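Data from final08.cif: mmCIF, C-alpha atoms and all ligand atoms
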```cif
data_protein
loop_
_atom_site.label_atom_id
_atom_site.label_comp_id
_atom_site.auth_asym_id
_atom_site.auth_seq_id
_atom_site.Cartn_x
_atom_site.Cartn_y
_atom_site.Cartn_z
CA MET A 1 -32.35 -26.48 13.49
CA LYS A 2 -33.24 -25.60 9.89
CA THR A 3 -32.74 -28.48 7.39
CA PRO A 4 -30.15 -27.47 4.78
CA ALA A 5 -31.33 -27.06 1.19
CA PRO A 6 -30.52 -30.08 -1.10
CA ARG A 7 -27.96 -27.99 -2.94
CA GLU A 8 -26.10 -27.21 0.31
CA THR A 9 -26.19 -30.88 1.36
CA ILE A 10 -24.69 -31.97 -1.97
CA LEU A 11 -21.95 -29.30 -1.84
CA SER A 12 -21.14 -30.29 1.72
CA LEU A 13 -20.84 -33.96 0.65
CA PHE A 14 -18.37 -32.92 -2.05
CA ARG A 15 -16.36 -30.93 0.51
CA GLN A 16 -16.18 -33.91 2.89
CA THR A 17 -14.61 -36.32 0.40
CA PRO A 18 -10.83 -36.02 -0.14
CA ASP A 19 -10.97 -36.94 -3.87
CA GLY A 20 -14.16 -34.94 -4.45
CA PHE A 21 -16.11 -38.01 -5.68
CA VAL A 22 -19.59 -38.67 -4.33
CA SER A 23 -21.76 -41.46 -5.68
CA GLY A 24 -25.29 -40.79 -6.85
CA GLU A 25 -26.44 -43.45 -4.38
CA ARG A 26 -24.86 -41.59 -1.43
CA ILE A 27 -26.52 -38.32 -2.45
CA SER A 28 -29.84 -40.07 -2.93
CA ASP A 29 -29.55 -41.67 0.57
CA GLU A 30 -28.57 -38.36 2.24
CA LEU A 31 -31.41 -36.43 0.63
CA GLY A 32 -33.94 -39.27 0.74
CA VAL A 33 -34.82 -38.72 -2.93
CA SER A 34 -34.71 -40.78 -6.15
CA ARG A 35 -31.67 -40.96 -8.44
CA THR A 36 -33.62 -38.95 -11.03
CA ALA A 37 -34.14 -36.20 -8.45
CA VAL A 38 -30.38 -36.29 -7.66
CA TRP A 39 -29.62 -35.83 -11.34
CA LYS A 40 -31.94 -32.78 -11.44
CA HIS A 41 -30.14 -31.22 -8.44
CA ILE A 42 -26.78 -31.81 -10.17
CA ARG A 43 -28.13 -30.18 -13.32
CA ASN A 44 -29.28 -27.14 -11.29
CA LEU A 45 -25.84 -26.85 -9.71
CA ARG A 46 -24.22 -26.96 -13.14
CA GLN A 47 -26.58 -24.22 -14.30
CA ALA A 48 -25.48 -22.17 -11.28
CA GLY A 49 -21.86 -22.41 -12.48
CA TYR A 50 -20.56 -25.52 -10.65
CA GLN A 51 -18.43 -27.70 -12.89
CA ILE A 52 -19.47 -31.25 -12.00
CA GLU A 53 -18.29 -34.29 -13.94
CA ALA A 54 -20.15 -37.64 -13.89
CA ILE A 55 -17.62 -40.50 -14.03
CA PRO A 56 -19.12 -44.00 -14.56
CA SER A 57 -18.79 -46.30 -11.53
CA ARG A 58 -17.17 -43.53 -9.40
CA GLY A 59 -19.93 -40.96 -9.17
CA TYR A 60 -19.98 -37.20 -9.41
CA GLN A 61 -16.89 -35.04 -8.97
CA LEU A 62 -16.94 -31.33 -8.20
CA GLN A 63 -14.14 -29.87 -10.33
CA GLN A 64 -14.73 -26.16 -9.95
CA SER A 65 -17.03 -23.89 -7.96
CA PRO A 66 -18.20 -20.45 -9.06
CA ASP A 67 -17.07 -17.61 -6.81
CA VAL A 68 -20.42 -17.34 -5.05
CA LEU A 69 -20.86 -16.54 -1.40
CA MET A 70 -22.76 -19.58 -0.15
CA PRO A 71 -23.09 -19.72 3.68
CA GLU A 72 -21.74 -23.29 3.87
CA ALA A 73 -18.66 -22.49 1.81
CA ILE A 74 -17.94 -19.36 3.87
CA GLN A 75 -18.38 -21.17 7.20
CA SER A 76 -16.48 -24.36 6.31
CA GLY A 77 -13.35 -24.52 8.50
CA LEU A 78 -13.78 -20.96 9.79
CA GLU A 79 -12.66 -20.59 13.39
CA CYS A 80 -14.88 -17.75 14.53
CA GLN A 81 -16.32 -17.63 18.03
CA LEU A 82 -19.24 -15.38 17.15
CA VAL A 83 -19.12 -13.57 13.82
CA GLY A 84 -20.82 -15.69 11.15
CA SER A 85 -22.64 -17.90 13.67
CA ARG A 86 -25.38 -17.61 11.05
CA ILE A 87 -24.89 -16.36 7.48
CA ILE A 88 -27.65 -15.34 5.11
CA SER A 89 -26.56 -14.95 1.50
CA LEU A 90 -28.98 -13.23 -0.87
CA ASP A 91 -28.81 -12.87 -4.64
CA GLU A 92 -30.15 -9.37 -4.28
CA ALA A 93 -31.11 -7.02 -1.46
CA ASP A 94 -32.23 -3.41 -1.23
CA SER A 95 -29.38 -2.99 1.26
CA THR A 96 -27.75 -5.60 3.49
CA ASN A 97 -27.78 -3.02 6.30
CA LEU A 98 -31.55 -2.65 5.96
CA GLN A 99 -31.97 -6.44 5.92
CA ALA A 100 -29.75 -6.89 8.99
CA CYS A 101 -31.65 -4.13 10.86
CA ARG A 102 -34.98 -5.79 10.02
CA LEU A 103 -33.67 -9.12 11.31
CA GLY A 104 -32.20 -7.38 14.36
CA ASP A 105 -35.64 -5.91 15.15
CA GLU A 106 -37.07 -9.44 14.90
CA GLY A 107 -34.56 -10.70 17.48
CA ALA A 108 -31.86 -12.27 15.25
CA ASP A 109 -28.86 -13.67 17.09
CA ASP A 110 -25.57 -11.94 17.83
CA GLY A 111 -23.03 -12.58 15.05
CA LEU A 112 -25.50 -12.85 12.14
CA VAL A 113 -23.97 -11.91 8.77
CA VAL A 114 -26.11 -10.79 5.82
CA ILE A 115 -24.45 -10.81 2.41
CA ALA A 116 -25.90 -9.86 -0.97
CA ASP A 117 -24.49 -10.49 -4.42
CA ARG A 118 -25.86 -7.07 -5.47
CA GLN A 119 -27.75 -4.23 -3.79
CA ARG A 120 -30.53 -2.19 -5.35
CA SER A 121 -30.10 0.74 -2.95
CA GLY A 122 -26.73 0.27 -1.28
CA LYS A 123 -26.39 2.87 1.45
CA GLY A 124 -23.31 5.04 1.86
CA ARG A 125 -22.54 7.51 4.64
CA MET A 126 -24.56 10.70 4.97
CA GLY A 127 -27.42 9.49 2.78
CA ARG A 128 -25.13 8.80 -0.18
CA ARG A 129 -25.49 5.83 -2.49
CA TRP A 130 -23.07 2.89 -2.53
CA GLU A 131 -22.63 1.51 -6.04
CA SER A 132 -23.36 -2.22 -5.75
CA PRO A 133 -23.21 -4.17 -9.04
CA GLY A 134 -23.59 -7.98 -8.94
CA GLY A 135 -20.96 -10.70 -9.15
CA VAL A 136 -17.91 -8.59 -8.36
CA ASN A 137 -17.77 -7.15 -4.84
CA LEU A 138 -18.57 -7.85 -1.23
CA TYR A 139 -21.57 -6.25 0.46
CA ALA A 140 -21.91 -7.51 4.01
CA SER A 141 -23.63 -6.46 7.22
CA ILE A 142 -22.74 -7.96 10.58
CA LEU A 143 -25.22 -7.80 13.44
CA LEU A 144 -23.66 -7.53 16.89
CA ARG A 145 -25.25 -7.15 20.31
CA PRO A 146 -22.36 -5.66 22.31
CA PRO A 147 -22.87 -5.29 26.07
CA VAL A 148 -22.05 -1.55 25.98
CA LEU A 149 -23.79 1.79 26.40
CA PRO A 150 -24.98 3.53 23.22
CA PHE A 151 -22.20 6.16 23.25
CA GLU A 152 -19.64 3.32 22.97
CA ALA A 153 -21.14 1.73 19.85
CA PRO A 154 -19.65 4.07 17.19
CA LYS A 155 -16.20 2.79 18.24
CA LEU A 156 -17.00 -0.51 16.52
CA THR A 157 -16.39 1.21 13.17
CA PHE A 158 -12.68 1.01 13.92
CA LEU A 159 -12.92 -2.78 14.26
CA SER A 160 -14.41 -3.04 10.77
CA ALA A 161 -11.72 -0.74 9.37
CA VAL A 162 -8.84 -2.75 10.84
CA ALA A 163 -10.46 -6.07 9.85
CA VAL A 164 -10.91 -4.92 6.22
CA CYS A 165 -7.28 -3.73 6.03
CA ARG A 166 -6.01 -7.03 7.42
CA ALA A 167 -8.16 -9.06 5.00
CA ILE A 168 -6.85 -6.97 2.07
CA LYS A 169 -3.26 -7.57 3.23
CA ASN A 170 -3.94 -11.32 3.68
CA CYS A 171 -5.51 -11.72 0.24
CA THR A 172 -3.35 -9.43 -1.90
CA GLY A 173 -0.21 -8.53 0.05
CA LEU A 174 -1.12 -4.85 -0.44
CA GLN A 175 -1.12 -2.54 2.58
CA PRO A 176 -4.15 -0.24 2.63
CA THR A 177 -4.50 2.88 4.78
CA VAL A 178 -7.49 4.19 6.74
CA LYS A 179 -9.05 7.63 6.60
CA TRP A 180 -11.24 8.76 9.48
CA PRO A 181 -13.92 7.80 10.12
CA ASN A 182 -14.60 4.95 7.75
CA ASP A 183 -12.72 4.94 4.48
CA ILE A 184 -10.20 2.33 3.38
CA LEU A 185 -7.78 3.53 0.73
CA LEU A 186 -5.31 1.95 -1.66
CA ASN A 187 -2.97 4.34 -3.47
CA GLU A 188 -5.15 7.20 -2.15
CA ALA A 189 -8.28 5.84 -3.86
CA LYS A 190 -11.24 4.45 -1.92
CA VAL A 191 -11.45 0.65 -2.02
CA ALA A 192 -13.92 0.05 0.81
CA GLY A 193 -16.48 1.92 2.89
CA LEU A 194 -18.09 1.23 6.23
CA LEU A 195 -21.52 2.21 7.47
CA ASN A 196 -22.54 1.43 11.02
CA GLU A 197 -26.12 1.64 12.16
CA MET A 198 -27.53 1.10 15.61
CA SER A 199 -30.78 0.49 17.44
CA SER A 200 -30.76 1.56 21.09
CA GLU A 201 -32.54 3.08 24.05
CA THR A 202 -30.92 5.74 26.21
CA ASP A 203 -29.05 3.21 28.30
CA GLN A 204 -29.06 0.02 26.22
CA VAL A 205 -27.85 -1.02 22.77
CA HIS A 206 -30.28 -3.41 21.09
CA TYR A 207 -27.90 -4.11 18.24
CA VAL A 208 -25.25 -2.60 16.03
CA VAL A 209 -25.00 -3.37 12.30
CA LEU A 210 -21.53 -3.10 10.80
CA GLY A 211 -22.03 -2.48 7.07
CA ILE A 212 -18.97 -3.25 4.97
CA GLY A 213 -18.65 -2.69 1.23
CA VAL A 214 -15.38 -3.74 -0.46
CA ASN A 215 -14.64 -3.19 -4.14
CA LEU A 216 -13.05 -6.52 -4.98
CA ASN A 217 -13.32 -7.15 -8.73
CA MET A 218 -15.18 -4.05 -9.89
CA ARG A 219 -13.93 -2.75 -13.24
CA ALA A 220 -13.16 0.92 -13.94
CA GLU A 221 -16.23 1.33 -16.20
CA GLN A 222 -18.52 0.08 -13.40
CA PHE A 223 -17.81 3.12 -11.20
CA PRO A 224 -20.20 6.04 -11.61
CA ASP A 225 -18.76 9.25 -13.13
CA ASP A 226 -19.85 11.52 -10.29
CA LEU A 227 -17.88 9.95 -7.42
CA ARG A 228 -16.79 12.41 -4.70
CA TYR A 229 -13.41 10.68 -4.36
CA PRO A 230 -11.22 8.59 -6.63
CA ALA A 231 -12.17 4.92 -6.23
CA THR A 232 -10.48 1.65 -6.99
CA SER A 233 -10.90 -2.10 -6.51
CA LEU A 234 -8.50 -4.85 -5.47
CA ALA A 235 -8.56 -6.21 -9.04
CA ILE A 236 -7.64 -2.78 -10.47
CA ALA A 237 -4.86 -2.39 -7.90
CA THR A 238 -3.38 -5.88 -8.36
CA GLY A 239 -4.29 -6.72 -11.97
CA LYS A 240 -5.69 -10.02 -10.68
CA VAL A 241 -9.15 -11.37 -9.90
CA VAL A 242 -9.63 -11.71 -6.14
CA SER A 243 -11.61 -14.63 -4.71
CA ARG A 244 -14.76 -13.21 -3.13
CA LEU A 245 -15.08 -16.35 -1.04
CA GLY A 246 -11.48 -16.20 0.21
CA PHE A 247 -11.78 -12.50 1.00
CA THR A 248 -15.07 -12.91 2.87
CA ARG A 249 -13.67 -15.75 4.99
CA SER A 250 -10.57 -13.75 5.84
CA LEU A 251 -12.64 -10.68 6.73
CA LEU A 252 -15.00 -12.57 9.06
CA GLN A 253 -12.07 -14.30 10.76
CA GLU A 254 -10.26 -10.99 11.35
CA LEU A 255 -13.41 -9.24 12.53
CA ASP A 256 -14.22 -12.02 14.95
CA ALA A 257 -10.71 -11.89 16.46
CA LEU A 258 -10.91 -8.10 16.84
CA TYR A 259 -14.37 -8.28 18.40
CA GLN A 260 -13.14 -10.82 20.99
CA LEU A 261 -10.20 -8.49 21.73
CA TYR A 262 -12.58 -5.53 22.08
CA LEU A 263 -14.83 -7.45 24.48
CA GLU A 264 -11.84 -8.48 26.60
CA GLU A 265 -9.71 -5.34 26.54
CA GLY A 266 -11.91 -2.47 25.32
CA SER A 267 -11.21 -0.20 22.38
CA ALA A 268 -7.57 0.82 23.16
CA PRO A 269 -5.81 -2.03 21.24
CA VAL A 270 -8.13 -1.56 18.26
CA PHE A 271 -7.50 2.22 18.25
CA THR A 272 -3.76 1.51 18.32
CA ALA A 273 -4.07 -0.85 15.33
CA TRP A 274 -6.20 1.73 13.46
CA THR A 275 -3.71 4.53 14.17
CA GLU A 276 -0.87 2.41 12.74
CA LEU A 277 -2.87 2.13 9.51
CA CYS A 278 -3.51 5.89 9.29
CA ASP A 279 -0.95 7.89 7.35
CA LEU A 280 -2.53 11.31 8.02
CA THR A 281 -1.45 11.57 11.67
CA GLY A 282 0.76 14.65 12.06
CA LYS A 283 -0.27 15.93 8.59
CA ARG A 284 -2.37 18.96 7.61
CA VAL A 285 -6.00 18.09 7.00
CA GLN A 286 -9.23 19.87 6.21
CA VAL A 287 -12.44 18.48 7.65
CA ASP A 288 -15.78 19.36 6.11
CA CYS A 289 -18.23 19.17 9.03
CA ASN A 290 -21.52 19.78 7.30
CA ASN A 291 -20.10 22.81 5.44
CA LEU A 292 -18.15 24.09 8.45
CA LEU A 293 -14.51 23.69 7.43
CA ILE A 294 -11.95 22.94 10.12
CA GLU A 295 -8.30 23.00 9.11
CA GLY A 296 -5.30 21.93 11.16
CA THR A 297 -2.94 19.10 11.98
CA MET A 298 -4.36 15.65 12.62
CA VAL A 299 -3.36 14.67 16.16
CA GLY A 300 -5.01 11.24 16.30
CA LEU A 301 -8.07 9.64 17.88
CA GLY A 302 -9.69 10.67 21.14
CA ASP A 303 -10.64 8.01 23.69
CA ASP A 304 -14.17 8.14 22.29
CA GLY A 305 -13.07 7.71 18.65
CA ALA A 306 -13.37 11.43 17.79
CA LEU A 307 -10.89 12.86 15.30
CA LEU A 308 -8.54 15.27 17.07
CA VAL A 309 -7.32 18.21 14.99
CA ARG A 310 -5.01 20.98 16.27
CA THR A 311 -5.99 24.28 14.63
CA SER A 312 -3.57 27.13 13.86
CA ALA A 313 -4.84 28.82 17.06
CA GLY A 314 -3.41 25.84 19.00
CA LYS A 315 -6.85 24.56 20.02
CA ILE A 316 -7.57 20.83 19.77
CA GLU A 317 -10.95 20.25 18.14
CA SER A 318 -12.77 16.93 18.68
CA ILE A 319 -14.70 16.09 15.50
CA TYR A 320 -17.50 13.52 15.51
CA ALA A 321 -18.71 13.66 11.91
CA GLY A 322 -17.23 14.97 8.70
CA ASP A 323 -15.18 14.32 5.59
CA VAL A 324 -11.40 14.54 5.96
CA ARG A 325 -8.97 15.36 3.20
CA PRO A 326 -5.26 16.05 3.26
CA VAL A 327 -4.23 19.64 2.35
C1 LIG A 401 -19.44 4.84 2.75
O1 LIG A 401 -18.23 4.86 2.58
O2 LIG A 401 -20.16 5.80 2.41
C2 LIG A 401 -20.07 3.62 3.41
C3 LIG A 401 -20.42 2.57 2.41
C4 LIG A 401 -20.97 1.31 3.06
C5 LIG A 401 -21.47 0.31 2.03
C6 LIG A 401 -21.88 -1.00 2.65
S1 LIG A 401 -22.19 -2.24 1.44
C7 LIG A 401 -22.84 -3.29 2.68
C8 LIG A 401 -23.67 -2.42 3.59
N1 LIG A 401 -25.01 -2.27 3.06
C9 LIG A 401 -25.25 -1.03 2.69
O3 LIG A 401 -26.33 -0.63 2.19
N2 LIG A 401 -24.21 -0.25 2.92
C10 LIG A 401 -23.11 -0.98 3.52
#
```
Please re-express this file's structure in structure tokens.
Amino acid sequence: MKTPAPRETILSLFRQTPDGFVSGERISDELGVSRTAVWKHIRNLRQAGYQIEAIPSRGYQLQQSPDVLMPEAIQSGLECQLVGSRIISLDEADSTNLQACRLGDEGADDGLVVIADRQRSGKGRMGRRWESPGGVNLYASILLRPPVLPFEAPKLTFLSAVAVCRAIKNCTGLQPTVKWPNDILLNEAKVAGLLNEMSSETDQVHYVVLGIGVNLNMRAEQFPDDLRYPATSLAIATGKVVSRLGFTRSLLQELDALYQLYLEEGSAPVFTAWTELCDLTGKRVQVDCNNLLIEGTMVGLGDDGALLVRTSAGKIESIYAGDVRPV
């Protein structure tokens, strides 16, 4: 097993003590370093935004942590069976999906989560860009190795969608809706997007990467002017700052529970949960399928996750890719 970095060891010592006090001597024993080296580690933590007081004869006390997504803090007390078995948290990535795919190609384990504070080239659906400024949002990619055939894998998008909606409800009390195939909306503005990628052979999935981007604390001026849809963040919708750490923990917990359910019972219960979150069922929609426009009434999801639309001619079209909008 990899030895934790000194900073992670110190933070974990703070978490283990009920009053938050840890003596310099204890830290020095745990790390096997001098008291001067301990002081330097404490200074580095302070520079990274941790508020640590030194109280004579009692030791150091962690009074406040910055809202950073450290693997240890995310994992502490989490009751996941698989998701988050390993978490990599990066200050910056080109795209967490790209990173997770690279690690997947190298044989990374089922359940790996890659998170980045900011992305240089965040990927959206259909080659679009996902705006990914630092310090405000969640950009996460979850690597799964489901024992299913490749045609089944796209159904996992619905797990991410339901998990994101549940985490939003848990953390803010707000009830988001879903828009096929992978948008999460609050007050009809996009608050999160999902991008699944897969590596497979004809009859075997190597891995699936569930890419999840959630606008948590992004401010209005941080959104680009040329967005295709109105966008929002949880902070804009609630008027309050949302804890990135709390949200990430809730999301991983919900996703893990849904993935266990999917493995045990297949996609039907997840599709039911998704359908309950969709307010376009029975409404008129227009779907832009690569410039072919299909208009009709949204019927629901097919068994394979396709969007079913009844056209004015009474025919039910199964749609596998496209942008939906209410008309
Ligand atoms: C979309 O709605 O177009 C999908 C957006 C998906 C964005 C997330 S952010 C984390 C992961 N890494 C990426 O590069 N993209 C996904």
List all protein, DNA and RNA residues that have an atom no more than 10 Å from any atom of ligand LIG 401 (chain A), counting all atoms listed in the file, and report them as a PyMOL selection string. chain A and resi 93-100+114-116+118-132+137-142+181-184+190-197+209-215
For the selection you just gave me, I'd like the residues written to a file as a short mmCIF file (atom, residue, chain, number, x, y, z; two decimals), in the frame of the given file, keeping C-alpha atoms.
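File written: again26.cif
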```
data_model
loop_
_atom_site.label_atom_id
_atom_site.label_comp_id
_atom_site.auth_asym_id
_atom_site.auth_seq_id
_atom_site.Cartn_x
_atom_site.Cartn_y
_atom_site.Cartn_z
CA ALA A 93 -31.11 -7.02 -1.46
CA ASP A 94 -32.23 -3.41 -1.23
CA SER A 95 -29.38 -2.99 1.26
CA THR A 96 -27.75 -5.60 3.49
CA ASN A 97 -27.78 -3.02 6.30
CA LEU A 98 -31.55 -2.65 5.96
CA GLN A 99 -31.97 -6.44 5.92
CA ALA A 100 -29.75 -6.89 8.99
CA VAL A 114 -26.11 -10.79 5.82
CA ILE A 115 -24.45 -10.81 2.41
CA ALA A 116 -25.90 -9.86 -0.97
CA ARG A 118 -25.86 -7.07 -5.47
CA GLN A 119 -27.75 -4.23 -3.79
CA ARG A 120 -30.53 -2.19 -5.35
CA SER A 121 -30.10 0.74 -2.95
CA GLY A 122 -26.73 0.27 -1.28
CA LYS A 123 -26.39 2.87 1.45
CA GLY A 124 -23.31 5.04 1.86
CA ARG A 125 -22.54 7.51 4.64
CA MET A 126 -24.56 10.70 4.97
CA GLY A 127 -27.42 9.49 2.78
CA ARG A 128 -25.13 8.80 -0.18
CA ARG A 129 -25.49 5.83 -2.49
CA TRP A 130 -23.07 2.89 -2.53
CA GLU A 131 -22.63 1.51 -6.04
CA SER A 132 -23.36 -2.22 -5.75
CA ASN A 137 -17.77 -7.15 -4.84
CA LEU A 138 -18.57 -7.85 -1.23
CA TYR A 139 -21.57 -6.25 0.46
CA ALA A 140 -21.91 -7.51 4.01
CA SER A 141 -23.63 -6.46 7.22
CA ILE A 142 -22.74 -7.96 10.58
CA PRO A 181 -13.92 7.80 10.12
CA ASN A 182 -14.60 4.95 7.75
CA ASP A 183 -12.72 4.94 4.48
CA ILE A 184 -10.20 2.33 3.38
CA LYS A 190 -11.24 4.45 -1.92
CA VAL A 191 -11.45 0.65 -2.02
CA ALA A 192 -13.92 0.05 0.81
CA GLY A 193 -16.48 1.92 2.89
CA LEU A 194 -18.09 1.23 6.23
CA LEU A 195 -21.52 2.21 7.47
CA ASN A 196 -22.54 1.43 11.02
CA GLU A 197 -26.12 1.64 12.16
CA VAL A 209 -25.00 -3.37 12.30
CA LEU A 210 -21.53 -3.10 10.80
CA GLY A 211 -22.03 -2.48 7.07
CA ILE A 212 -18.97 -3.25 4.97
CA GLY A 213 -18.65 -2.69 1.23
CA VAL A 214 -15.38 -3.74 -0.46
CA ASN A 215 -14.64 -3.19 -4.14
#
```
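With all atoms listed in the file as the atoms that count, the residue of A:Asp279, A:Asp117, A:Glu201, A:Glu8 with the shortest distance to Met298 in chain A is A:Asp279.
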Quick one: everything within 10 Å of Gly104 in chain A, counting all atoms listed in the file, minus sequence neighbours fewer than 4 positions away in the same chain. Send it as a PyMOL selection string. chain A and resi 98-100+108-110+112+143-145+198-199+206-209
Separating CA of Arg35 in chain A from CA of Pro6 in chain A, to the nearest tenth of an Å, is a gap of 13.2 Å
Minimum-distance residue to Thr157 in chain A, chosen among A:Ala306, A:Val287, A:Ile294, A:Leu245 (using all atoms listed in the file): A:Ala306
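Distances here use only C-alpha atoms; by that measure, the residue among A:Val38, A:Leu69, A:Val241, A:Val285 closest to Lys179 in chain A is A:Val285.
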What separation in Å, quoted to one decimal, exists between CA of Leu216 in chain A and CA of Leu185 in chain A? 12.7 Å
What is the distance between CA of Arg86 in chain A and CA of Arg43 in chain A, in Å to one decimal? 27.6 Å
Would you mind listing what lies within 12 Å of Val242 in chain A as a ChimeraX atom specification, with all atoms listed in the file counted and same-chain residues fewer than 6 positions away left out? /A:67,135-138,167-168,170-173,214-218,233-236,248
Output the selection as a JSON list (two decimals), keeping the file's coordinate frame - C-alpha atoms for each residue.
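File written: out-v4.json
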```json
[["chain", "number", "residue", "atom", "x", "y", "z"],
["A", 67, "ASP", "CA", -17.07, -17.61, -6.81],
["A", 135, "GLY", "CA", -20.96, -10.70, -9.15],
["A", 136, "VAL", "CA", -17.91, -8.59, -8.36],
["A", 137, "ASN", "CA", -17.77, -7.15, -4.84],
["A", 138, "LEU", "CA", -18.57, -7.85, -1.23],
["A", 167, "ALA", "CA", -8.16, -9.06, 5.00],
["A", 168, "ILE", "CA", -6.85, -6.97, 2.07],
["A", 170, "ASN", "CA", -3.94, -11.32, 3.68],
["A", 171, "CYS", "CA", -5.51, -11.72, 0.24],
["A", 172, "THR", "CA", -3.35, -9.43, -1.90],
["A", 173, "GLY", "CA", -0.21, -8.53, 0.05],
["A", 214, "VAL", "CA", -15.38, -3.74, -0.46],
["A", 215, "ASN", "CA", -14.64, -3.19, -4.14],
["A", 216, "LEU", "CA", -13.05, -6.52, -4.98],
["A", 217, "ASN", "CA", -13.32, -7.15, -8.73],
["A", 218, "MET", "CA", -15.18, -4.05, -9.89],
["A", 233, "SER", "CA", -10.90, -2.10, -6.51],
["A", 234, "LEU", "CA", -8.50, -4.85, -5.47],
["A", 235, "ALA", "CA", -8.56, -6.21, -9.04],
["A", 236, "ILE", "CA", -7.64, -2.78, -10.47],
["A", 248, "THR", "CA", -15.07, -12.91, 2.87]]
```
